[in-house]
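Visitor: structure-v2.pdb (PDB, C-alpha atoms) pasted underneath:
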```
MODEL        1
ATOM      1  CA  MET A   1       0.000   0.000   0.000
ATOM      2  CA  THR A   2       1.324   3.407  -0.953
ATOM      3  CA  PRO A   3       1.296   5.795   2.010
ATOM      4  CA  PRO A   4      -1.129   8.681   1.540
ATOM      5  CA  VAL A   5      -0.376  12.369   1.280
ATOM      6  CA  LEU A   6      -2.849  14.349   3.374
ATOM      7  CA  THR A   7      -3.669  17.996   2.790
ATOM      8  CA  THR A   8      -5.329  20.685   4.862
ATOM      9  CA  SER A   9      -5.994  24.324   4.072
ATOM     10  CA  ARG A  10      -2.379  25.246   4.924
ATOM     11  CA  LEU A  11      -0.436  22.001   5.135
ATOM     12  CA  ARG A  12       0.722  19.021   3.114
ATOM     13  CA  LEU A  13       1.447  15.917   5.175
ATOM     14  CA  GLU A  14       3.694  13.487   3.352
ATOM     15  CA  PRO A  15       5.270  10.342   4.767
ATOM     16  CA  LEU A  16       8.501  11.217   6.570
ATOM     17  CA  THR A  17      11.464   9.770   4.671
ATOM     18  CA  GLU A  18      15.216  10.206   4.218
ATOM     19  CA  GLN A  19      14.578  13.067   1.767
ATOM     20  CA  HIS A  20      13.417  15.145   4.761
ATOM     21  CA  PHE A  21      16.548  14.456   6.840
ATOM     22  CA  ASP A  22      18.248  17.868   6.752
ATOM     23  CA  ALA A  23      15.149  19.961   7.395
ATOM     24  CA  PHE A  24      13.794  17.507   9.974
ATOM     25  CA  ALA A  25      17.144  17.294  11.776
ATOM     26  CA  SER A  26      16.980  21.045  12.404
ATOM     27  CA  VAL A  27      13.684  20.451  14.237
ATOM     28  CA  LEU A  28      14.812  17.519  16.391
ATOM     29  CA  LYS A  29      18.219  19.051  17.175
ATOM     30  CA  ASP A  30      16.668  22.222  18.603
ATOM     31  CA  ARG A  31      16.871  22.058  22.416
ATOM     32  CA  GLU A  32      13.821  24.231  23.079
ATOM     33  CA  THR A  33      11.677  22.358  20.558
ATOM     34  CA  MET A  34      12.670  19.061  22.189
ATOM     35  CA  SER A  35      12.416  20.303  25.787
ATOM     36  CA  TYR A  36       9.586  17.850  26.565
ATOM     37  CA  TYR A  37      11.698  14.907  25.369
ATOM     38  CA  PRO A  38      14.610  13.451  27.350
ATOM     39  CA  HIS A  39      17.032  15.435  25.136
ATOM     40  CA  ALA A  40      17.522  17.006  21.734
ATOM     41  CA  PHE A  41      18.563  14.564  19.013
ATOM     42  CA  ASP A  42      21.858  14.115  17.190
ATOM     43  CA  ASP A  43      22.194  12.937  13.569
ATOM     44  CA  MET A  44      22.157   9.267  14.553
ATOM     45  CA  ALA A  45      18.943   9.684  16.592
ATOM     46  CA  VAL A  46      17.264  11.585  13.730
ATOM     47  CA  GLU A  47      18.270   8.795  11.338
ATOM     48  CA  GLY A  48      16.879   6.224  13.784
ATOM     49  CA  TRP A  49      13.575   8.145  14.069
ATOM     50  CA  ILE A  50      13.171   8.178  10.283
ATOM     51  CA  THR A  51      14.186   4.520   9.895
ATOM     52  CA  ARG A  52      11.797   3.407  12.639
ATOM     53  CA  ASN A  53       9.063   5.467  11.017
ATOM     54  CA  LEU A  54       9.594   3.766   7.652
ATOM     55  CA  GLY A  55       9.214   0.440   9.444
ATOM     56  CA  PHE A  56       5.858   1.539  10.856
ATOM     57  CA  TRP A  57       4.630   2.411   7.356
ATOM     58  CA  THR A  58       5.666  -1.034   6.120
ATOM     59  CA  GLU A  59       4.292  -3.010   9.067
ATOM     60  CA  PHE A  60       1.139  -1.099  10.021
ATOM     61  CA  GLY A  61       0.253   1.104   7.044
ATOM     62  CA  TYR A  62       0.762   4.258   9.092
ATOM     63  CA  GLY A  63       3.572   6.336  10.477
ATOM     64  CA  ARG A  64       4.765   9.883  10.890
ATOM     65  CA  PHE A  65       4.256  12.576   8.270
ATOM     66  CA  ALA A  66       6.519  15.488   7.470
ATOM     67  CA  ILE A  67       4.459  18.631   8.046
ATOM     68  CA  ILE A  68       5.060  20.916   5.067
ATOM     69  CA  ARG A  69       3.602  24.417   4.844
ATOM     70  CA  GLN A  70       2.034  24.635   1.386
ATOM     71  CA  SER A  71       2.707  28.345   0.867
ATOM     72  CA  ASP A  72       6.507  27.936   0.871
ATOM     73  CA  ASP A  73       7.242  24.175   1.157
ATOM     74  CA  GLN A  74       8.923  24.678   4.547
ATOM     75  CA  LEU A  75       9.110  21.620   6.789
ATOM     76  CA  LEU A  76       7.648  22.640  10.162
ATOM     77  CA  GLY A  77       7.943  19.329  12.022
ATOM     78  CA  ASP A  78       6.287  15.945  11.962
ATOM     79  CA  ALA A  79       3.113  14.289  13.184
ATOM     80  CA  GLY A  80       1.499  10.909  12.877
ATOM     81  CA  LEU A  81       0.884   7.530  14.390
ATOM     82  CA  MET A  82       3.325   5.069  15.883
ATOM     83  CA  ARG A  83       2.658   1.696  17.442
ATOM     84  CA  LEU A  84       3.994   2.033  20.980
ATOM     85  CA  THR A  85       3.865   0.349  24.331
ATOM     86  CA  VAL A  86       2.639   3.026  26.729
ATOM     87  CA  ASN A  87       2.341   2.067  30.392
ATOM     88  CA  SER A  88       2.247  -1.639  29.406
ATOM     89  CA  ARG A  89      -0.485  -1.060  26.766
ATOM     90  CA  GLU A  90       0.016  -1.465  23.014
ATOM     91  CA  VAL A  91      -1.484   1.671  21.476
ATOM     92  CA  ASN A  92      -1.711   3.563  18.200
ATOM     93  CA  ASP A  93      -0.059   6.696  19.531
ATOM     94  CA  ILE A  94      -0.638  10.000  17.753
ATOM     95  CA  GLY A  95       2.022  12.623  18.262
ATOM     96  CA  TRP A  96       3.433  15.819  16.830
ATOM     97  CA  VAL A  97       6.647  17.813  16.995
ATOM     98  CA  ILE A  98       6.528  21.364  15.654
ATOM     99  CA  HIS A  99       9.627  23.569  15.593
ATOM    100  CA  ARG A 100       9.376  26.222  18.319
ATOM    101  CA  ASP A 101       9.335  29.003  15.713
ATOM    102  CA  HIS A 102       5.851  27.782  14.743
ATOM    103  CA  TRP A 103       4.329  27.115  18.172
ATOM    104  CA  GLY A 104       0.951  28.735  18.706
ATOM    105  CA  THR A 105       0.057  28.833  15.000
ATOM    106  CA  GLY A 106      -2.487  25.997  15.000
ATOM    107  CA  TYR A 107      -0.322  23.821  12.746
ATOM    108  CA  ALA A 108      -0.198  20.946  15.255
ATOM    109  CA  SER A 109      -4.000  20.894  15.618
ATOM    110  CA  GLU A 110      -4.487  21.104  11.865
ATOM    111  CA  ALA A 111      -2.104  18.194  11.252
ATOM    112  CA  ALA A 112      -3.537  16.160  14.148
ATOM    113  CA  LYS A 113      -7.102  16.513  12.815
ATOM    114  CA  ALA A 114      -6.043  15.215   9.394
ATOM    115  CA  ILE A 115      -4.206  12.279  10.970
ATOM    116  CA  ARG A 116      -7.137  11.528  13.295
ATOM    117  CA  ASP A 117      -9.524  11.447  10.326
ATOM    118  CA  ASP A 118      -7.155   9.185   8.373
ATOM    119  CA  ALA A 119      -6.796   6.861  11.384
ATOM    120  CA  PHE A 120     -10.509   6.258  11.608
ATOM    121  CA  ASP A 121     -11.640   6.699   7.993
ATOM    122  CA  ARG A 122      -8.865   4.978   6.003
ATOM    123  CA  LEU A 123      -7.286   2.722   8.622
ATOM    124  CA  SER A 124     -10.469   1.867  10.569
ATOM    125  CA  LEU A 125      -8.625   1.869  13.887
ATOM    126  CA  ASP A 126     -10.648   1.216  17.052
ATOM    127  CA  ALA A 127      -8.850   3.941  19.018
ATOM    128  CA  ILE A 128      -5.931   6.341  19.015
ATOM    129  CA  HIS A 129      -3.960   7.469  22.050
ATOM    130  CA  ALA A 130      -1.620  10.329  22.877
ATOM    131  CA  ASN A 131       0.851  10.637  25.683
ATOM    132  CA  MET A 132       2.584  13.771  26.843
ATOM    133  CA  PRO A 133       4.133  15.184  30.012
ATOM    134  CA  VAL A 134       1.600  16.745  32.374
ATOM    135  CA  ASP A 135       3.624  19.969  32.235
ATOM    136  CA  HIS A 136       3.032  20.277  28.467
ATOM    137  CA  PRO A 137      -0.356  22.047  28.325
ATOM    138  CA  ALA A 138      -0.036  23.059  24.668
ATOM    139  CA  SER A 139       0.250  19.430  23.558
ATOM    140  CA  ARG A 140      -2.656  18.399  25.763
ATOM    141  CA  LYS A 141      -4.721  21.216  24.239
ATOM    142  CA  VAL A 142      -4.046  19.815  20.748
ATOM    143  CA  ALA A 143      -5.136  16.339  21.890
ATOM    144  CA  GLU A 144      -8.314  17.692  23.453
ATOM    145  CA  HIS A 145      -8.975  19.828  20.370
ATOM    146  CA  ILE A 146      -9.203  16.667  18.260
ATOM    147  CA  GLY A 147     -11.582  15.026  20.757
ATOM    148  CA  MET A 148      -9.268  13.088  23.053
ATOM    149  CA  VAL A 149      -9.916  12.636  26.771
ATOM    150  CA  GLU A 150      -7.529  11.688  29.547
ATOM    151  CA  ILE A 151      -7.864   8.086  30.663
ATOM    152  CA  MET A 152      -4.925   7.925  33.054
ATOM    153  CA  ARG A 153      -1.665   9.378  34.310
ATOM    154  CA  PHE A 154       1.556   7.458  34.838
ATOM    155  CA  ASN A 155       5.256   7.995  35.394
ATOM    156  CA  ASN A 156       6.906   7.470  32.016
ATOM    157  CA  PRO A 157      10.126   5.431  32.224
ATOM    158  CA  LYS A 158      10.876   6.340  28.578
ATOM    159  CA  ASN A 159      10.881  10.051  29.457
ATOM    160  CA  ARG A 160      12.814  10.657  32.694
ATOM    161  CA  ASP A 161      10.059   8.959  34.733
ATOM    162  CA  ILE A 162       8.011  12.170  34.618
ATOM    163  CA  GLU A 163       4.276  12.264  35.183
ATOM    164  CA  THR A 164       2.530  11.751  31.842
ATOM    165  CA  HIS A 165      -1.030  11.996  30.529
ATOM    166  CA  LEU A 166      -2.486   9.193  28.438
ATOM    167  CA  LEU A 167      -5.413  10.409  26.350
ATOM    168  CA  GLU A 168      -7.700   8.395  24.107
ATOM    169  CA  LEU A 169     -10.196   8.821  21.321
ATOM    170  CA  THR A 170     -12.219   5.753  20.389
ATOM    171  CA  LEU A 171     -13.881   5.104  17.062
ATOM    172  CA  ALA A 172     -17.287   5.430  18.769
ATOM    173  CA  GLY A 173     -16.285   8.789  20.232
ATOM    174  CA  TYR A 174     -15.022   9.947  16.852
ATOM    175  CA  GLN A 175     -18.243   8.883  15.132
ATOM    176  CA  THR A 176     -20.366  10.628  17.777
ATOM    177  CA  SER A 177     -18.421  13.878  17.481
ATOM    178  CA  ARG A 178     -18.508  13.684  13.687
ATOM    179  CA  ALA A 179     -22.286  13.235  13.671
ATOM    180  CA  ALA A 180     -22.620  16.317  15.889
ATOM    181  CA  ARG A 181     -20.628  18.502  13.444
TER     182      ARG A 181
ENDMDL
END
```
Have the structure of the file written as structure tokens, please.
Guide:
Amino acid sequence: MTPPVLTTSRLRLEPLTEQHFDAFASVLKDRETMSYYPHAFDDMAVEGWITRNLGFWTEFGYGRFAIIRQSDDQLLGDAGLMRLTVNSREVNDIGWVIHRDHWGTGYASEAAKAIRDDAFDRLSLDAIHANMPVDHPASRKVAEHIGMVEIMRFNNPKNRDIETHLLELTLAGYQTSRAAR
């Protein structure tokens, strides 16, 4: 199956690949952008992120997308689904990383909505989840904006053992909210 390219009014979401390395590395190497992760990435970690992502596309039919602003083709970050074990649960985890220069612009919410719709409409997933540190209110706001609700908190051993939200949106919840629109 060929991975899709998703579009919104301002963005083009294309599967994240090696061709995005240089622009994407500038996002993941930025300390402030990555302040909610254990650390900023180096070239090897960026390469690993992209390689792992390509594996998700092959195995599950989904993965992370490069977020490209249509007006100037600038890569702003990435967003998408990954199959993760979160607090001992296998989940389809939706996430986003936007370079700090573009925080507060609505790009993360716009990308997340497109990925949410693809997850339920094309992939027919039963649920999607998101996890983020409790001290990251902007990311939680994006998750809530696309209809997610907190189902638990836990200390995340993959991220400095910090307190972390786990949010969920089920297919039934998605269908209910869609019918109300």
Visitor: Got a sec: who's within 10 Å of Ile68 in chain A, counting only C-alpha atoms, leaving out chain neighbours fewer than 2 positions off, as an MDAnalysis selection string?
Guide: chainID A and resid 7 10:14 65:66 70:78 107 111
Visitor: What is the distance, in Å and to one decimal place, between CA of Phe21 in chain A and CA of Glu59 in chain A?
Guide: 21.5 Å
Visitor: Do a neighbour search on Met152 in chain A at 8 Å with only C-alpha atoms, toss out local chain neighbours closer than 4 positions, and write the hits as a ChimeraX atom specification.
Guide: /A:165-167
Visitor: Nearest to His99 in chain A among A:Glu18, A:Asp30, A:Glu150, A:Asp126, with distances taken over only C-alpha atoms: which residue is it?
Guide: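 Looking at the shortest contact to His99 in chain A, the residue is A:Asp30.
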Visitor: If the PyMOL selection byres ((chain A and resi 100) around 9) were run on this exact file, what residues would it hold? Put them as a list in words.
Guide: Val27, Asp30, Glu32, Thr33, Met34, Val97, Ile98, His99, Asp101, His102, Trp103 and Gly104 of chain A
Visitor: Between A:Thr176, A:Ser35, A:Ser109, A:Ser88, single out the one closest to Phe154 in chain A, counting all atoms listed in the file.
Guide: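 The shortest atom-to-atom distance to Phe154 in chain A comes from A:Ser88.
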Visitor: Taking all atoms listed in the file into account, which of A:His145, A:His129, A:Arg64, A:Arg160 comes nearest Pro3 in chain A?
Guide: A:Arg64
Visitor: Take every atom of range 39-52 of chain A listed in the file, fit an axis-aligned box around them, add 6 Å per side, and give the centre and edge lengths in Å to one decimal as AutoDock Vina command-line options.
Guide:
```
--center_x 17.0 --center_y 10.2 --center_z 17.5 --size_x 22.4 --size_y 25.6 --size_z 27.2
```
Visitor: Report, in Å to a single decimal, how far apart CA of Lys141 in chain A and CA of Ala179 in chain A are.
Guide: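 Straight-line distance from CA of Ala179 in chain A to CA of Lys141 in chain A works out to 22.0 Å.
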Visitor: For the structure provided, state which residues fall under the PyMOL selection byres ((chain A and resi 162) around 10), and present them as number ranges by chain.
Guide: A: 36, 38, 132-135, 154-161, 163-165
Visitor: For those residues, write C-alpha atoms to a file as a compact mmCIF listing (two decimals), in the frame of the given file.
Guide:
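The result, stored in result_13.txt:
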```
# COMPACT_ATOMS: atom_id res chain seq x y z
CA TYR A 36 9.59 17.85 26.56
CA PRO A 38 14.61 13.45 27.35
CA MET A 132 2.58 13.77 26.84
CA PRO A 133 4.13 15.18 30.01
CA VAL A 134 1.60 16.74 32.37
CA ASP A 135 3.62 19.97 32.24
CA PHE A 154 1.56 7.46 34.84
CA ASN A 155 5.26 8.00 35.39
CA ASN A 156 6.91 7.47 32.02
CA PRO A 157 10.13 5.43 32.22
CA LYS A 158 10.88 6.34 28.58
CA ASN A 159 10.88 10.05 29.46
CA ARG A 160 12.81 10.66 32.69
CA ASP A 161 10.06 8.96 34.73
CA GLU A 163 4.28 12.26 35.18
CA THR A 164 2.53 11.75 31.84
CA HIS A 165 -1.03 12.00 30.53
```
Visitor: Considering all atoms listed in the file, return as an MDAnalysis selection string whatever protein or nucleic-acid residues lie within 7 Å of Arg83 in chain A, sequence-local ones (same chain, fewer than 4 positions apart) excluded.
Guide: chainID A and resid 90:93
Visitor: So the first atom is CA of Gly95 in chain A and the second is CA of Ala143 in chain A; what is the distance between them in Å, to one decimal place?
Guide: 8.8 Å
Visitor: Selected by the PyMOL selection byres ((chain A and resi 113) around 12) in the shown coordinates: which residues, as JSON, numbers by chain?
Guide: {"A": [6, 7, 8, 9, 11, 13, 79, 80, 94, 95, 96, 106, 107, 108, 109, 110, 111, 112, 114, 115, 116, 117, 118, 119, 120, 121, 128, 142, 143, 144, 145, 146, 147, 148, 169, 174, 178]}
